[in-house]
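Participant: If it helps, the file is called protein16.pdb and holds PDB, C-alpha atoms:
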ATOM      1  CA  MET A 237      84.035   1.985-112.033
ATOM      2  CA  VAL A 238      81.540   2.227-114.852
ATOM      3  CA  THR A 239      79.107  -0.613-115.251
ATOM      4  CA  ALA A 240      77.086  -1.199-118.371
ATOM      5  CA  MET A 241      73.518  -0.422-117.368
ATOM      6  CA  THR A 242      70.443  -1.927-118.895
ATOM      7  CA  ASP A 243      67.163  -1.945-117.003
ATOM      8  CA  ALA A 244      65.702  -4.831-118.954
ATOM      9  CA  TYR A 245      66.070  -7.221-116.017
ATOM     10  CA  LYS A 246      63.239  -5.372-114.269
ATOM     11  CA  ARG A 247      60.752  -6.822-116.726
ATOM     12  CA  ARG A 248      59.840 -10.532-116.834
ATOM     13  CA  LEU A 249      58.897 -11.363-120.411
ATOM     14  CA  THR A 250      56.228 -13.851-121.416
ATOM     15  CA  ALA A 251      55.421 -15.359-124.798
ATOM     16  CA  GLY A 252      53.155 -12.459-125.822
ATOM     17  CA  ASP A 253      56.002  -9.967-125.410
ATOM     18  CA  ILE A 254      58.312 -11.396-128.034
ATOM     19  CA  SER A 255      58.410 -12.258-131.728
ATOM     20  CA  VAL A 256      60.955 -13.112-134.407
ATOM     21  CA  GLY A 257      63.016 -10.075-135.370
ATOM     22  CA  ASP A 258      62.828  -8.422-131.937
ATOM     23  CA  THR A 259      66.109  -7.040-130.687
ATOM     24  CA  GLY A 260      67.305  -7.251-127.100
ATOM     25  CA  PRO A 261      68.836  -4.727-124.721
ATOM     26  CA  GLU A 262      72.167  -3.363-125.948
ATOM     27  CA  VAL A 263      75.054  -3.710-123.562
ATOM     28  CA  VAL A 264      77.668  -1.056-124.287
ATOM     29  CA  VAL A 265      81.042  -1.216-122.552
ATOM     30  CA  LYS A 266      83.015   1.923-123.292
ATOM     31  CA  ASP A 267      86.753   2.396-123.654
ATOM     32  CA  LEU A 268      88.100  -0.844-122.238
ATOM     33  CA  GLU A 269      91.296  -0.440-120.246
ATOM     34  CA  ARG A 270      94.072  -2.798-119.219
ATOM     35  CA  GLU A 271      92.686  -2.447-115.712
ATOM     36  CA  ASP A 272      89.502  -4.183-116.897
ATOM     37  CA  PHE A 273      91.531  -7.202-118.067
ATOM     38  CA  VAL A 274      93.395  -7.282-114.752
ATOM     39  CA  ARG A 275      90.130  -7.088-112.828
ATOM     40  CA  TYR A 276      88.712  -9.987-114.842
ATOM     41  CA  ALA A 277      91.916 -11.959-114.256
ATOM     42  CA  GLY A 278      91.496 -11.519-110.504
ATOM     43  CA  ALA A 279      87.783 -12.278-110.523
ATOM     44  CA  SER A 280      87.908 -15.276-112.863
ATOM     45  CA  GLY A 281      91.282 -16.844-112.191
ATOM     46  CA  ASP A 282      92.469 -16.454-115.802
ATOM     47  CA  PHE A 283      96.008 -15.193-115.180
ATOM     48  CA  ASN A 284      97.366 -15.816-118.673
ATOM     49  CA  PRO A 285      99.947 -12.976-118.919
ATOM     50  CA  ILE A 286      98.971 -12.365-122.541
ATOM     51  CA  HIS A 287      96.074 -10.318-121.111
ATOM     52  CA  TYR A 288      98.128  -7.935-118.926
ATOM     53  CA  ASP A 289     101.888  -8.254-119.605
ATOM     54  CA  GLU A 290     102.731  -5.980-122.537
ATOM     55  CA  PRO A 291     106.206  -7.359-123.421
ATOM     56  CA  TYR A 292     104.912 -10.942-123.159
ATOM     57  CA  ALA A 293     101.941 -10.182-125.429
ATOM     58  CA  ARG A 294     104.143  -8.409-128.014
ATOM     59  CA  ASP A 295     106.731 -11.192-128.019
ATOM     60  CA  ALA A 296     103.879 -13.582-128.837
ATOM     61  CA  GLY A 297     103.099 -11.497-131.932
ATOM     62  CA  ASN A 298     100.248  -9.324-130.687
ATOM     63  CA  GLU A 299     100.049  -5.558-131.107
ATOM     64  CA  SER A 300      99.338  -5.285-127.360
ATOM     65  CA  VAL A 301      97.661  -7.162-124.536
ATOM     66  CA  PHE A 302      94.097  -8.169-125.319
ATOM     67  CA  ALA A 303      90.987  -9.103-123.341
ATOM     68  CA  GLN A 304      90.164 -12.561-122.108
ATOM     69  CA  GLY A 305      87.546 -13.979-124.477
ATOM     70  CA  MET A 306      85.466 -14.852-121.456
ATOM     71  CA  LEU A 307      85.350 -11.176-120.454
ATOM     72  CA  THR A 308      83.552 -10.363-123.715
ATOM     73  CA  ALA A 309      81.417 -13.469-123.153
ATOM     74  CA  GLY A 310      80.535 -11.940-119.788
ATOM     75  CA  PHE A 311      79.285  -8.784-121.525
ATOM     76  CA  ALA A 312      77.127 -11.016-123.757
ATOM     77  CA  SER A 313      75.846 -12.942-120.717
ATOM     78  CA  HIS A 314      74.752  -9.619-119.240
ATOM     79  CA  ALA A 315      72.670  -8.864-122.340
ATOM     80  CA  ILE A 316      70.853 -12.204-122.348
ATOM     81  CA  SER A 317      70.280 -12.481-118.591
ATOM     82  CA  ASP A 318      68.775  -8.971-118.552
ATOM     83  CA  TRP A 319      66.686  -9.828-121.611
ATOM     84  CA  PHE A 320      65.220 -13.224-120.729
ATOM     85  CA  GLY A 321      65.963 -13.799-117.028
ATOM     86  CA  LEU A 322      68.758 -15.845-115.476
ATOM     87  CA  ASP A 323      66.556 -18.827-114.654
ATOM     88  CA  ARG A 324      65.062 -19.061-118.147
ATOM     89  CA  ILE A 325      68.206 -19.409-120.191
ATOM     90  CA  GLU A 326      68.761 -22.935-121.347
ATOM     91  CA  ARG A 327      71.714 -22.588-123.666
ATOM     92  CA  PHE A 328      74.414 -19.987-124.367
ATOM     93  CA  THR A 329      76.903 -20.595-127.173
ATOM     94  CA  ILE A 330      79.858 -18.344-127.902
ATOM     95  CA  ARG A 331      82.366 -18.255-130.767
ATOM     96  CA  PHE A 332      85.357 -15.985-130.314
ATOM     97  CA  GLN A 333      86.087 -14.219-133.605
ATOM     98  CA  GLU A 334      88.631 -11.455-132.989
ATOM     99  CA  ARG A 335      90.710 -10.100-130.151
ATOM    100  CA  VAL A 336      89.515  -7.126-128.097
ATOM    101  CA  PHE A 337      92.165  -4.494-127.361
ATOM    102  CA  PRO A 338      92.505  -1.649-124.844
ATOM    103  CA  GLY A 339      90.580   1.368-126.115
ATOM    104  CA  ASN A 340      87.870  -0.709-127.792
ATOM    105  CA  THR A 341      84.239   0.023-127.049
ATOM    106  CA  ILE A 342      82.150  -3.150-127.205
ATOM    107  CA  THR A 343      78.450  -3.287-128.049
ATOM    108  CA  VAL A 344      76.488  -6.509-127.587
ATOM    109  CA  THR A 345      73.264  -6.950-129.542
ATOM    110  CA  GLY A 346      70.800  -9.780-129.959
ATOM    111  CA  GLU A 347      67.939 -10.623-132.291
ATOM    112  CA  ILE A 348      65.261 -13.293-131.962
ATOM    113  CA  THR A 349      65.487 -15.768-134.832
ATOM    114  CA  ASP A 350      62.931 -18.383-133.816
ATOM    115  CA  VAL A 351      59.989 -18.822-131.464
ATOM    116  CA  ALA A 352      58.644 -22.361-131.053
ATOM    117  CA  ASP A 353      55.615 -23.414-129.024
ATOM    118  CA  GLY A 354      56.234 -25.740-126.119
ATOM    119  CA  ASP A 355      54.019 -26.987-123.310
ATOM    120  CA  ALA A 356      52.713 -23.808-121.583
ATOM    121  CA  GLU A 357      55.878 -22.054-122.738
ATOM    122  CA  VAL A 358      57.715 -20.877-125.808
ATOM    123  CA  ILE A 359      61.267 -21.730-126.763
ATOM    124  CA  VAL A 360      63.041 -18.629-128.009
ATOM    125  CA  THR A 361      66.270 -18.662-130.018
ATOM    126  CA  ALA A 362      68.313 -15.500-130.499
ATOM    127  CA  ASP A 363      71.517 -14.672-132.332
ATOM    128  CA  LEU A 364      74.093 -12.627-130.440
ATOM    129  CA  GLU A 365      76.917 -10.446-131.609
ATOM    130  CA  ALA A 366      79.555  -8.276-129.971
ATOM    131  CA  LYS A 367      81.201  -5.602-132.117
ATOM    132  CA  THR A 368      83.887  -3.004-131.639
ATOM    133  CA  ASP A 369      83.190   0.639-132.395
ATOM    134  CA  GLY A 370      85.118   0.019-135.619
ATOM    135  CA  GLY A 371      82.496  -2.562-136.635
ATOM    136  CA  ASP A 372      84.620  -5.688-136.162
ATOM    137  CA  VAL A 373      82.648  -8.676-134.894
ATOM    138  CA  VAL A 374      84.627  -9.983-131.925
ATOM    139  CA  LEU A 375      82.120 -12.551-130.673
ATOM    140  CA  SER A 376      79.135 -14.265-132.202
ATOM    141  CA  GLY A 377      76.791 -16.591-130.447
ATOM    142  CA  GLU A 378      73.352 -17.903-129.824
ATOM    143  CA  THR A 379      71.054 -18.393-126.897
ATOM    144  CA  VAL A 380      67.961 -20.476-126.243
ATOM    145  CA  ALA A 381      65.515 -19.465-123.509
ATOM    146  CA  ARG A 382      62.172 -20.793-122.283
ATOM    147  CA  LEU A 383      59.526 -18.195-121.537
ATOM    148  CA  PRO A 384      56.140 -18.952-119.964
ATOM    149  CA  SER A 385      53.106 -18.617-122.246
ATOM    150  CA  GLU A 386      51.512 -16.162-119.827
TER     151      GLU A 386
ATOM    152  CA  MET B 122     101.223 -29.139-134.474
ATOM    153  CA  PRO B 123     101.026 -30.661-130.994
ATOM    154  CA  SER B 124     103.961 -32.726-129.764
ATOM    155  CA  LYS B 125     101.601 -35.727-129.781
ATOM    156  CA  SER B 126     100.109 -37.332-132.887
ATOM    157  CA  LEU B 127      96.415 -37.012-133.672
ATOM    158  CA  ALA B 128      96.090 -40.745-133.040
ATOM    159  CA  ALA B 129      97.609 -40.293-129.570
ATOM    160  CA  LEU B 130      95.125 -37.483-128.864
ATOM    161  CA  GLU B 131      92.216 -39.556-130.172
ATOM    162  CA  ARG B 132      93.106 -42.307-127.698
ATOM    163  CA  GLN B 133      92.337 -39.827-124.878
ATOM    164  CA  VAL B 134      88.833 -39.087-126.210
ATOM    165  CA  GLY B 135      86.226 -40.413-123.782
ATOM    166  CA  ARG B 136      88.488 -40.185-120.741
ATOM    167  CA  THR B 137      86.867 -38.399-117.770
ATOM    168  CA  VAL B 138      88.679 -36.550-114.984
ATOM    169  CA  THR B 139      87.315 -34.972-111.781
ATOM    170  CA  THR B 140      88.376 -31.375-112.385
ATOM    171  CA  VAL B 141      86.412 -29.308-109.856
ATOM    172  CA  GLU B 142      85.914 -30.008-106.156
ATOM    173  CA  ASP B 143      84.227 -27.988-103.401
ATOM    174  CA  LEU B 144      83.624 -24.845-105.419
ATOM    175  CA  VAL B 145      81.726 -22.950-102.725
ATOM    176  CA  VAL B 146      79.721 -20.163-104.358
ATOM    177  CA  GLU B 147      80.446 -17.173-102.128
ATOM    178  CA  LEU B 148      78.582 -13.852-102.158
ATOM    179  CA  GLY B 149      81.758 -11.769-102.263
ATOM    180  CA  LYS B 150      83.166 -13.757-105.180
ATOM    181  CA  VAL B 151      79.885 -13.527-107.100
ATOM    182  CA  GLU B 152      79.785  -9.748-106.628
ATOM    183  CA  GLU B 153      83.442  -9.445-107.658
ATOM    184  CA  PHE B 154      82.775 -11.477-110.809
ATOM    185  CA  ALA B 155      79.671  -9.426-111.689
ATOM    186  CA  ARG B 156      81.709  -6.236-111.235
ATOM    187  CA  ALA B 157      84.474  -7.568-113.481
ATOM    188  CA  ILE B 158      81.998  -8.222-116.323
ATOM    189  CA  LYS B 159      80.443  -4.803-115.586
ATOM    190  CA  ASP B 160      76.997  -6.204-114.884
ATOM    191  CA  ASP B 161      75.083  -3.872-112.601
ATOM    192  CA  ASN B 162      72.143  -6.200-111.827
ATOM    193  CA  PRO B 163      71.540  -6.253-108.039
ATOM    194  CA  VAL B 164      70.497  -9.927-108.319
ATOM    195  CA  PHE B 165      74.240 -10.659-108.034
ATOM    196  CA  ARG B 166      74.654  -8.496-104.927
ATOM    197  CA  ASP B 167      71.967  -8.798-102.292
ATOM    198  CA  GLU B 168      69.297 -11.229-101.271
ATOM    199  CA  GLU B 169      66.456  -8.737-101.099
ATOM    200  CA  SER B 170      67.002  -7.683-104.707
ATOM    201  CA  ALA B 171      67.194 -11.330-105.751
ATOM    202  CA  ARG B 172      63.860 -12.028-104.030
ATOM    203  CA  GLU B 173      62.290  -8.989-105.690
ATOM    204  CA  GLN B 174      63.255 -10.529-109.015
ATOM    205  CA  GLY B 175      61.604 -13.801-108.042
ATOM    206  CA  TYR B 176      64.676 -15.812-107.009
ATOM    207  CA  GLU B 177      65.315 -17.583-103.722
ATOM    208  CA  THR B 178      68.652 -15.941-103.158
ATOM    209  CA  VAL B 179      71.594 -14.324-104.937
ATOM    210  CA  LEU B 180      72.438 -16.039-108.231
ATOM    211  CA  ALA B 181      75.773 -16.368-110.014
ATOM    212  CA  PRO B 182      76.316 -14.844-113.489
ATOM    213  CA  LEU B 183      75.973 -17.255-116.427
ATOM    214  CA  THR B 184      79.730 -17.622-116.932
ATOM    215  CA  PHE B 185      80.638 -17.833-113.229
ATOM    216  CA  THR B 186      82.061 -21.356-113.469
ATOM    217  CA  ARG B 187      85.117 -19.783-115.115
ATOM    218  CA  THR B 188      86.226 -19.401-111.486
ATOM    219  CA  ALA B 189      86.561 -23.193-111.275
ATOM    220  CA  TYR B 190      90.137 -22.712-112.570
ATOM    221  CA  PHE B 191      91.290 -21.267-109.251
ATOM    222  CA  PRO B 192      93.756 -23.727-107.703
ATOM    223  CA  ARG B 193      91.607 -23.958-104.554
ATOM    224  CA  TYR B 194      88.956 -25.904-106.497
ATOM    225  CA  ARG B 195      91.305 -28.033-108.625
ATOM    226  CA  PRO B 196      92.276 -31.534-107.471
ATOM    227  CA  ASP B 197      96.038 -32.182-107.464
ATOM    228  CA  GLY B 198      97.549 -32.511-110.917
ATOM    229  CA  VAL B 199      94.543 -31.157-112.826
ATOM    230  CA  GLY B 200      95.632 -27.564-113.482
ATOM    231  CA  LEU B 201      94.471 -25.587-116.513
ATOM    232  CA  ASN B 202      94.543 -28.540-118.881
ATOM    233  CA  HIS B 203      91.844 -30.527-117.069
ATOM    234  CA  GLY B 204      94.384 -33.251-116.378
ATOM    235  CA  PHE B 205      94.936 -34.025-120.072
ATOM    236  CA  ASP B 206      98.329 -33.809-121.751
ATOM    237  CA  LEU B 207      97.601 -32.967-125.373
ATOM    238  CA  GLY B 208     101.077 -31.644-126.136
ATOM    239  CA  PHE B 209      99.694 -28.305-127.346
ATOM    240  CA  ASP B 210     102.166 -25.413-127.695
ATOM    241  CA  GLN B 211     100.656 -23.074-125.080
ATOM    242  CA  SER B 212     101.876 -19.942-126.858
ATOM    243  CA  ARG B 213      99.621 -20.806-129.812
ATOM    244  CA  VAL B 214      96.540 -21.988-127.904
ATOM    245  CA  VAL B 215      93.383 -19.906-128.193
ATOM    246  CA  HIS B 216      89.895 -20.285-126.813
ATOM    247  CA  GLY B 217      87.721 -20.916-129.863
ATOM    248  CA  GLU B 218      84.255 -21.623-128.542
ATOM    249  CA  GLN B 219      82.363 -21.940-125.302
ATOM    250  CA  GLU B 220      78.934 -23.401-124.758
ATOM    251  CA  TYR B 221      76.743 -23.685-121.669
ATOM    252  CA  VAL B 222      73.662 -25.824-121.214
ATOM    253  CA  TYR B 223      71.856 -24.759-118.042
ATOM    254  CA  LYS B 224      69.787 -27.153-115.966
ATOM    255  CA  GLN B 225      69.257 -24.841-112.989
ATOM    256  CA  PRO B 226      70.748 -21.530-111.825
ATOM    257  CA  ILE B 227      73.764 -21.532-109.523
ATOM    258  CA  HIS B 228      72.992 -19.896-106.167
ATOM    259  CA  VAL B 229      75.187 -18.402-103.486
ATOM    260  CA  GLY B 230      75.780 -21.190-100.982
ATOM    261  CA  ASP B 231      75.875 -23.955-103.583
ATOM    262  CA  VAL B 232      78.854 -26.299-103.472
ATOM    263  CA  ILE B 233      79.758 -27.358-107.003
ATOM    264  CA  SER B 234      81.861 -30.191-108.365
ATOM    265  CA  GLY B 235      82.741 -30.999-111.946
ATOM    266  CA  GLU B 236      83.883 -33.854-114.143
ATOM    267  CA  THR B 237      85.511 -33.167-117.492
ATOM    268  CA  THR B 238      85.551 -35.481-120.500
ATOM    269  CA  LEU B 239      87.584 -34.949-123.649
ATOM    270  CA  ILE B 240      84.771 -35.440-126.187
ATOM    271  CA  ASP B 241      86.468 -34.643-129.498
ATOM    272  CA  VAL B 242      89.785 -33.849-131.156
ATOM    273  CA  TYR B 243      90.220 -32.985-134.826
ATOM    274  CA  GLU B 244      92.434 -31.126-137.261
ATOM    275  CA  ARG B 245      91.626 -28.438-139.812
ATOM    276  CA  THR B 246      93.753 -26.564-142.321
ATOM    277  CA  GLY B 247      94.283 -22.962-141.224
ATOM    278  CA  SER B 248      93.379 -20.001-143.449
ATOM    279  CA  ARG B 249      97.093 -19.469-144.203
ATOM    280  CA  GLY B 250      97.882 -23.162-144.461
ATOM    281  CA  GLY B 251      99.259 -25.313-141.666
ATOM    282  CA  THR B 252      97.368 -27.510-139.282
ATOM    283  CA  MET B 253      95.044 -26.275-136.569
ATOM    284  CA  THR B 254      94.222 -28.803-133.851
ATOM    285  CA  PHE B 255      90.933 -28.621-131.951
ATOM    286  CA  ALA B 256      90.132 -30.202-128.589
ATOM    287  CA  VAL B 257      86.622 -30.130-127.118
ATOM    288  CA  PHE B 258      86.248 -30.601-123.348
ATOM    289  CA  GLU B 259      82.859 -31.158-121.737
ATOM    290  CA  THR B 260      82.437 -30.482-118.029
ATOM    291  CA  VAL B 261      79.333 -31.599-116.142
ATOM    292  CA  TYR B 262      78.795 -29.614-112.942
ATOM    293  CA  ARG B 263      76.719 -30.929-110.026
ATOM    294  CA  ASN B 264      75.650 -29.402-106.715
ATOM    295  CA  ALA B 265      76.109 -31.001-103.282
ATOM    296  CA  ASP B 266      72.874 -32.982-103.740
ATOM    297  CA  GLY B 267      74.295 -34.492-106.915
ATOM    298  CA  GLU B 268      71.888 -32.529-109.124
ATOM    299  CA  HIS B 269      73.137 -31.620-112.571
ATOM    300  CA  VAL B 270      73.349 -27.809-112.692
ATOM    301  CA  LEU B 271      75.087 -27.192-115.986
ATOM    302  CA  THR B 272      77.191 -28.611-118.780
ATOM    303  CA  GLU B 273      79.995 -26.592-120.290
ATOM    304  CA  ARG B 274      81.780 -27.282-123.587
ATOM    305  CA  LEU B 275      85.108 -25.600-124.210
ATOM    306  CA  THR B 276      86.921 -25.711-127.552
ATOM    307  CA  ARG B 277      90.658 -25.077-127.379
ATOM    308  CA  ILE B 278      92.546 -24.561-130.615
ATOM    309  CA  GLU B 279      96.268 -24.873-131.221
ATOM    310  CA  LEU B 280      96.806 -22.487-134.119
ATOM    311  CA  ALA B 281      99.070 -23.396-137.027
ATOM    312  CA  GLY B 282     102.707 -22.559-136.279
ATOM    313  CA  ASP B 283     105.259 -21.060-138.670
ATOM    314  CA  GLY B 284     106.661 -24.461-139.487
ATOM    315  CA  ASP B 285     103.361 -26.253-139.924
ATOM    316  CA  GLY B 286     102.638 -25.008-143.424
ATOM    317  CA  ASP B 287     105.326 -27.312-144.795
ATOM    318  CA  ASP B 288     104.003 -30.430-143.074
TER     319      ASP B 288
END
Would you give me this structure, written as structure tokens?
Facilitator:
Amino acid sequence: MVTAMTDAYKRRLTAGDISVGDTGPEVVVKDLEREDFVRYAGASGDFNPIHYDEPYARDAGNESVFAQGMLTAGFASHAISDWFGLDRIERFTIRFQERVFPGNTITVTGEITDVADGDAEVIVTADLEAKTDGGDVVLSGETVARLPSE
Amino acid sequence: MPSKSLAALERQVGRTVTTVEDLVVELGKVEEFARAIKDDNPVFRDEESAREQGYETVLAPLTFTRTAYFPRYRPDGVGLNHGFDLGFDQSRVVHGEQEYVYKQPIHVGDVISGETTLIDVYERTGSRGGTMTFAVFETVYRNADGEHVLTERLTRIELAGDGDGDD
């Protein structure tokens, strides 16, 4: 199974490493398959058949089965936990915009929009986006993280 | 539109239900979840790697509490609807938004419980007419010591149905 590699988690950022406009590690998940939706169903407990049962999904008016929104949110979580560190993330907000279908390649990107000084730390806000290879935004979101000053 | 009136839904706002009990954060389940979201970070897999990254032990991914829907962790009668009957037509329900506010990371070995409150319901007109109904659930998760570990807000939307445009 292919995992989406970024090595950013190996680096612990501090305030001096970041500024507004910086972009984070890209998480690229290539060529999603129905198997990926089934695996997420088993791992997460989301067994809504709309994500793996083709006749059911079509009868409900969809062109095919589509991914659980929380699977795409998981790809976005990967980007921000590698970027800022799991223990430094204070908030993670996700809006589901479009469905993700088998065959889609998903790229998650992030950009720092604000850096505010706190007590011996900075509070970093970043916008997040997940797009298909066709350029459709499937998820947008935001995260807030606290990074030490030094 | 839901089978219940907006006023009937609004009367449920503020009600709190225990929705998650004894969610034991297991190493195998954490690894399985990390694999499913295709996250290769060894922090989700072995203790030595977690320590190298400065953590006490293996941590759970940021969206791991999605596993709280497994029946094993749900008190009787709670199910997928957090114990609320909103009368939504399930075939038209979508997940609109999700928000997490983290107080501390979730570690392997933690035992998590959760209480869910319906914090808001409202209607909007859909882009093609008809009524969309929104319900916002807030779940506060605590560990076995009663410490607040995270708050999760989930927005479920019942999309406008074919007949709703004429309402």
Participant: Please report as number ranges by chain which residues of chain A come no farther than 6 Å from chain B, using all atoms listed in the file.
Facilitator: A: 239-240, 275-276, 279-281, 310-311, 314, 323, 326-332
Participant: Would you mind reading off the distance between CA of Arg270 (chain A) and CA of Val336 (chain A), one decimal, in Å?
Facilitator: 10.9 Å
Participant: Under the PyMOL selection byres ((chain A and resi 351-360) around 9), which residues of this model are included? Write them out as a PyMOL selection string.
Facilitator: chain A and resi 250-251+254-256+348-350+361-362+379-386
Participant: Enter the distance from CA of Pro261 (chain A) to CA of Ile325 (chain A), in Å, rounded to one decimal.
Facilitator: 15.4 Å
Participant: Any idea what the distance is between CA of Val134 (chain B) and CA of Arg245 (chain B)?
Facilitator: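 Result for CA of Val134 (chain B) versus CA of Arg245 (chain B): 17.5 Å, one decimal.
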Participant: On this file, the PyMOL selection byres ((chain B and resi 122-133) around 10) gives some set of residues; write that set as a PyMOL selection string.
Facilitator: chain B and resi 134-137+205-211+213+238-244+251-254+256+279-286+288
Participant: Selected by the PyMOL selection byres ((chain A and resi 290) around 6) in the shown coordinates: which residues, as a list in words?
Facilitator: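 Applying the PyMOL selection byres ((chain A and resi 290) around 6) to the structure shown produces Asp289, Pro291, Tyr292, Ala293, Ser300 and Val301 of chain A.
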Participant: Can you pull out the residues contacting Ala303 (chain A)? Cut-off 9 Å, using only C-alpha atoms, and skip same-chain residues under 2 positions away; I want them as a list in words.
Facilitator: Leu268, Arg270, Asp272, Phe273, Tyr276, Ile286, His287, Tyr288, Val301, Gly305, Met306, Leu307, Thr308, Arg335, Val336, Phe337 and Pro338 of chain A
Participant: Tyr194 (chain B): which residues within 12 Å, counting only C-alpha atoms, same-chain residues fewer than 6 positions away excluded, as a PyMOL selection string?
Facilitator: (chain A and resi 281) or (chain B and resi 139-146+186-188+200-201+203+232-235)
Participant: If I only have part of region 204-223 of chain B, can you fill in N, CA and C atoms and write it as a compact mmCIF listing (two decimals), keeping the file's coordinate frame?
Facilitator:
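Output contents, as saved in rebuild_3.txt:
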# COMPACT_ATOMS: atom_id res chain seq x y z
N GLY B 204 93.75 -31.96 -116.60
CA GLY B 204 94.38 -33.25 -116.38
C GLY B 204 94.69 -34.03 -117.65
N PHE B 205 94.61 -33.37 -118.80
CA PHE B 205 94.94 -34.02 -120.07
C PHE B 205 96.24 -33.44 -120.62
N ASP B 206 97.11 -34.29 -121.10
CA ASP B 206 98.33 -33.81 -121.75
C ASP B 206 98.16 -33.99 -123.25
N LEU B 207 97.83 -32.90 -123.93
CA LEU B 207 97.60 -32.97 -125.37
C LEU B 207 98.84 -32.55 -126.16
N GLY B 208 99.86 -32.06 -125.45
CA GLY B 208 101.08 -31.64 -126.14
C GLY B 208 100.89 -30.38 -126.97
N PHE B 209 99.90 -29.57 -126.62
CA PHE B 209 99.69 -28.30 -127.35
C PHE B 209 100.80 -27.31 -126.97
N ASP B 210 101.23 -26.52 -127.94
CA ASP B 210 102.17 -25.41 -127.70
C ASP B 210 101.35 -24.26 -127.10
N GLN B 211 101.53 -24.03 -125.78
CA GLN B 211 100.66 -23.07 -125.08
C GLN B 211 100.68 -21.67 -125.69
N SER B 212 101.79 -21.30 -126.31
CA SER B 212 101.88 -19.94 -126.86
C SER B 212 100.97 -19.77 -128.09
N ARG B 213 100.49 -20.90 -128.62
CA ARG B 213 99.62 -20.81 -129.81
C ARG B 213 98.20 -21.29 -129.52
N VAL B 214 97.87 -21.47 -128.24
CA VAL B 214 96.54 -21.99 -127.90
C VAL B 214 95.57 -20.82 -127.73
N VAL B 215 94.43 -20.91 -128.39
CA VAL B 215 93.38 -19.91 -128.19
C VAL B 215 92.08 -20.61 -127.80
N HIS B 216 91.22 -19.81 -127.22
CA HIS B 216 89.90 -20.28 -126.81
C HIS B 216 88.97 -20.03 -128.00
N GLY B 217 88.51 -21.09 -128.64
CA GLY B 217 87.72 -20.92 -129.86
C GLY B 217 86.24 -20.75 -129.60
N GLU B 218 85.70 -21.66 -128.79
CA GLU B 218 84.26 -21.62 -128.54
C GLU B 218 83.98 -22.01 -127.10
N GLN B 219 82.81 -21.60 -126.64
CA GLN B 219 82.36 -21.94 -125.30
C GLN B 219 80.86 -22.13 -125.38
N GLU B 220 80.38 -23.18 -124.76
CA GLU B 220 78.93 -23.40 -124.76
C GLU B 220 78.49 -23.83 -123.37
N TYR B 221 77.34 -23.31 -122.95
CA TYR B 221 76.74 -23.68 -121.67
C TYR B 221 75.35 -24.24 -121.92
N VAL B 222 75.04 -25.32 -121.24
CA VAL B 222 73.66 -25.82 -121.21
C VAL B 222 73.25 -25.81 -119.74
N TYR B 223 72.25 -24.99 -119.44
CA TYR B 223 71.86 -24.76 -118.04
C TYR B 223 70.70 -25.66 -117.64
